[in-house]
Amino acid sequence: MSATSVVGLQWGDEAKGKIVDLLTDEHDVVVRYQGGNNAGHTVVFNGDTYKLSLLPAGILHPKVVSVIATGIVLDPKAFLQELDSITKRRGPLTPGSLLISDRAHVIFPWHVLEEAVMEKSRSKDPIGTTMRGIGTCYRDKAGRSHAIRVGDLCRPEFLQSRLSEVLPQKNKILGALDPEFKPLDASAIYEEYSAYAERLRPYVTDTTTYLHKAIRDGKRLLFEGAQGSLLDLDHGTFPFVTSSNSSGCGVHNGSGVSERAISKMIGVVKAYSTRVGGGPFVTELNDATGQHIRDVGNEYGTITRRPRRCGWFDSVAAGYGARLSGVDCIAVALLDVLSGLEELKICDAYEIDGKRTTDFPSHVDDLARAIPVYRSLPGWMTDISHVRHYEDLPAAAKRYVETVTELIGAPLEIVSVGPDREQTVFCGGSHATHKSHTVKFPTV
């Protein structure tokens, strides 16, 4: 059995979707195990660009089973709109090629309203949520009494009973938080979500049992992370994090598959750093260079189109993400974006209150006081988007990625030099200095 996990090591948006897409042909099942429609992947497939949010990248491969696992929170309306957009372009799905966990939790209108009210109350220091009810749905999941799962959605009498219990309490809460709130109608929500349930029903199953059987049958599994390790609810830059375990720590609880089943953990980093929303960002560039990176890298949210904050590569942060997720190797993405910059910088330490450290702070206040300690490297003034062999990269580009992987403490396996599948360099062996293969989709 071969199981691979792809996880971002920064604050998300590391181009994980492309790496997952590249590896999907060599796997039988692709599993999305956490997050909701607050995450997005841009995948270029056969020359066409797809913006995926809830659907795993495997959905573009008809012979692969795509699993939306237990750790997901599902907005049925958003999911069905996304599914319709894919089937309209690619035709009907192969029967059995998409599975949704009956244990996944459902986002309702009150989740979106609650999140908006709560974010507004933090006007001086907003978290930067996407206002899609993700965090409030996860909160109800932890609280249990207000939670409704996909399996509940598909049982009409049970759903009606749950709505009669939950909605009166939610109306009271929202009425207290917002004087202008107009109570939600249980009958209207029941009708709307019952219609969603009818469309979802063919895909809903016990995905945990399915994945256990797939492992026993020798199927090759690929786990697709959303967001990035530094946004992990427990281990990230709290409270400026997402609402789930977005590091490699979340694979087990989000899918029901033991982490012992994973034979390879691939950590993905951008050649620079970005983050969306609030929170400290040690290497942020609020200058022309930062804007240049944003424009060249098209650093705007896949789903929200929010401009991302951009900065130099932070090896303290990425190294922490790598240790947190236990990565075996590194994929460096968007290296081509740095082409044309004469001087590049990499943060290899922080200075906090006059003391130098390479440890990532556990408290957001300490991170906010951190001053980056940089090492400077020469840039390369040539376009590298056409490069397909590692040895053909400019010497300065090779030195840059080797410095990144050295500071992170894991070997280089993949370098991405553009959005297309073909714009990928696979590095043979465990070090960047080994001879590269021609571009192909390797067995992992």
# chains A, B, ... in the order shown; residues from 1 in each chain; ligands from 1
$ residues_around --residues "Thr87 in chain A" --least-positions-apart "6" --cutoff "12 Å" --atoms "only C-alpha atoms" --output "mmCIF file with C-alpha atoms, in the first residue's frame"
data_model
loop_
_atom_site.group_PDB
_atom_site.id
_atom_site.type_symbol
_atom_site.label_atom_id
_atom_site.label_comp_id
_atom_site.auth_asym_id
_atom_site.auth_seq_id
_atom_site.Cartn_x
_atom_site.Cartn_y
_atom_site.Cartn_z
ATOM 1 C CA TYR A 50 -10.071 25.029 -12.961
ATOM 2 C CA LEU A 55 -13.811 19.220 -4.715
ATOM 3 C CA ILE A 59 -12.239 15.133 -9.711
ATOM 4 C CA LEU A 60 -10.498 15.981 -13.004
ATOM 5 C CA PRO A 62 -12.224 9.999 -14.272
ATOM 6 C CA LEU A 80 -23.419 21.744 -5.823
ATOM 7 C CA GLN A 81 -22.598 24.933 -7.715
ATOM 8 C CA LEU A 93 -19.005 11.967 -13.308
ATOM 9 C CA THR A 94 -18.173 8.278 -13.473
#
$ closest_atom_pairs --of "range 118-214 of chain A" --to "range 13-36 of chain A" --cutoff "12 Å" --atoms "only C-alpha atoms" --output "tab-separated table"
residue	atom	partner	partner_atom	distance
A:Thr130	CA	A:Gly36	CA	10.6
A:Met131	CA	A:Gly36	CA	11.6
A:Arg132	CA	A:Gly36	CA	8.7
A:Gly133	CA	A:Gly36	CA	9.1
A:Ile134	CA	A:Gly36	CA	6.3
A:Gly135	CA	A:Gly35	CA	9.2
A:Thr136	CA	A:Gly36	CA	11.6
A:Cys137	CA	A:Gly36	CA	9.8
A:Tyr138	CA	A:Gly35	CA	9.3
A:Thr207	CA	A:Val31	CA	9.7
A:Thr208	CA	A:Tyr33	CA	10.8
A:Tyr210	CA	A:Val29	CA	10.5
A:Leu211	CA	A:Val29	CA	8.7
A:His212	CA	A:Val29	CA	11.9
A:Lys213	CA	A:Val29	CA	11.8
A:Ala214	CA	A:Val29	CA	8.4
$ residues_around --residues "Ile330 in chain A" --least-positions-apart "5" --cutoff "8 Å" --atoms "only C-alpha atoms" --output "list of chain:residue names"
A:Ile266, A:Gly267, A:Val268, A:Val269, A:Thr405, A:Ala410, A:Pro411, A:Leu412, A:Glu413, A:Ile414
$ select_by_dssp --residues "range 130-326 of chain A" --states "alpha helix (DSSP H)" --output "JSON, numbers by chain"
{"A": [134, 135, 136, 137, 138, 139, 140, 141, 142, 143, 150, 151, 152, 153, 156, 157, 158, 159, 160, 161, 162, 163, 164, 165, 166, 167, 168, 169, 170, 171, 172, 173, 174, 175, 176, 177, 186, 187, 188, 189, 190, 191, 192, 193, 194, 195, 196, 197, 198, 199, 200, 207, 208, 209, 210, 211, 212, 213, 214, 215, 216, 250, 251, 252, 253, 254, 255, 288, 289, 290, 291, 292, 293, 294, 295, 296, 315, 316, 317, 318, 319, 320, 321, 322, 323, 324, 325]}
$ atom_distance --atom1 "CA of Lys270 in chain A" --atom2 "CA of His235 in chain A"
20.0 Å
$ select_by_dssp --residues "range 159-374 of chain A" --states "strand (DSSP E or B)" --output "MDAnalysis selection string"
chainID A and resid 204:205 221:224 264:270 273:275 284 300 307 309:311 313:314 329:333 343:352 355:357 371:374
$ write_last_selection --atoms "C-alpha atoms" --output "CSV table (one decimal), in the first residue's frame"
chain,number,residue,atom,x,y,z
A,204,VAL,CA,-23.0,10.2,0.6
A,205,THR,CA,-21.5,7.2,2.3
A,221,LEU,CA,-4.2,6.9,-1.5
A,222,LEU,CA,-3.3,10.6,-1.9
A,223,PHE,CA,-4.3,13.0,0.9
A,224,GLU,CA,-4.9,16.6,-0.2
A,264,LYS,CA,5.3,9.8,2.2
A,265,MET,CA,4.6,13.3,3.3
A,266,ILE,CA,5.4,16.0,0.8
A,267,GLY,CA,5.7,19.6,2.1
A,268,VAL,CA,5.0,22.4,-0.4
A,269,VAL,CA,6.4,25.9,-0.1
A,270,LYS,CA,6.4,28.9,-2.2
A,273,SER,CA,6.0,33.9,1.6
A,274,THR,CA,2.4,35.1,1.5
A,275,ARG,CA,-0.5,35.2,3.9
A,284,GLU,CA,6.1,41.1,4.8
A,300,TYR,CA,-5.0,37.1,-5.2
A,307,PRO,CA,-4.9,40.4,-2.4
A,309,ARG,CA,0.3,39.9,1.7
A,310,CYS,CA,3.7,39.1,0.2
A,311,GLY,CA,7.2,38.9,1.6
A,313,PHE,CA,10.9,33.5,2.2
A,314,ASP,CA,10.7,32.8,5.9
A,329,CYS,CA,10.7,16.0,1.1
A,330,ILE,CA,10.0,19.5,-0.3
A,331,ALA,CA,8.3,20.9,-3.4
A,332,VAL,CA,9.3,24.5,-4.1
A,333,ALA,CA,6.6,26.3,-6.1
A,343,GLU,CA,18.8,40.5,-5.0
A,344,LEU,CA,16.8,37.9,-3.0
A,345,LYS,CA,16.5,37.5,0.7
A,346,ILE,CA,15.8,34.6,3.0
A,347,CYS,CA,14.9,35.0,6.6
A,348,ASP,CA,17.0,32.4,8.5
A,349,ALA,CA,16.4,33.6,12.1
A,350,TYR,CA,14.3,36.1,14.2
A,351,GLU,CA,15.5,38.7,16.6
A,352,ILE,CA,13.0,39.0,19.5
A,355,LYS,CA,17.8,37.7,21.3
A,356,ARG,CA,18.3,35.7,18.1
A,357,THR,CA,16.3,32.5,17.7
A,371,ILE,CA,12.6,41.2,13.5
A,372,PRO,CA,13.7,39.1,10.5
A,373,VAL,CA,17.4,38.3,10.2
A,374,TYR,CA,18.2,37.9,6.5
$ closest_residue --among "A:Leu200, A:Val7, A:Val282, A:Leu341" --to "Arg323 in chain A" --atoms "only C-alpha atoms"
A:Val7
$ atom_distance --atom1 "CA of Gly278 in chain A" --atom2 "CA of Gly225 in chain A"
21.3 Å
$ residues_around --residues "Asp178 in chain A" --least-positions-apart "4" --cutoff "9 Å" --atoms "only C-alpha atoms" --output "list in words"
Val117, Ile173 and Leu174 of chain A
$ write_last_selection --atoms "N, CA and C atoms" --output "compact mmCIF listing (two decimals), in the first residue's frame"
# COMPACT_ATOMS: atom_id res chain seq x y z
N VAL A 117 -21.19 38.62 12.16
CA VAL A 117 -21.39 39.44 13.35
C VAL A 117 -20.15 39.40 14.25
N ILE A 173 -29.94 33.78 19.60
CA ILE A 173 -28.53 34.21 19.66
C ILE A 173 -28.28 35.35 18.68
N LEU A 174 -28.72 35.16 17.45
CA LEU A 174 -28.49 36.18 16.43
C LEU A 174 -29.27 37.46 16.72
$ closest_residue --among "A:Leu167, A:Val404, A:Arg294, A:Glu192" --to "Ala271 in chain A" --atoms "only C-alpha atoms"
A:Val404
$ residues_around --residues "Gly151 in chain A" --least-positions-apart "5" --cutoff "8 Å" --atoms "only C-alpha atoms" --output "list of chain:residue names"
A:Ser101, A:Asp102, A:Arg103, A:Ala104, A:Val204
$ closest_residue --among "A:Ala318, A:Val364, A:Leu99, A:Leu335" --to "Ala396 in chain A" --atoms "only C-alpha atoms"
A:Leu335
$ closest_residue --among "A:Cys154, A:Leu407, A:Leu163, A:Val106" --to "Ala195 in chain A" --atoms "only C-alpha atoms"
A:Cys154
$ closest_residue --among "A:Ala261, A:His389, A:Arg369, A:Pro179" --to "Lys219 in chain A" --atoms "only C-alpha atoms"
A:Ala261
$ residues_around --residues "His41 in chain A" --least-positions-apart "6" --cutoff "7 Å" --atoms "only C-alpha atoms" --output "tab-separated table (two decimals) with N, CA and C atoms, in the first residue's frame"
chain	number	residue	atom	x	y	z
A	17	GLY	N	-2.44	22.49	-5.10
A	17	GLY	CA	-3.33	21.89	-6.08
A	17	GLY	C	-2.59	21.33	-7.28
A	51	LYS	N	-10.77	26.23	-11.00
A	51	LYS	CA	-10.66	26.76	-9.64
A	51	LYS	C	-11.53	25.90	-8.74
A	52	LEU	N	-10.89	25.05	-7.96
A	52	LEU	CA	-11.58	24.10	-7.10
A	52	LEU	C	-11.59	24.62	-5.66
A	53	SER	N	-12.67	24.35	-4.97
A	53	SER	CA	-12.78	24.79	-3.58
A	53	SER	C	-13.01	23.59	-2.67
A	302	THR	N	-7.83	32.46	-4.73
A	302	THR	CA	-8.46	31.65	-5.77
A	302	THR	C	-9.97	31.81	-5.77
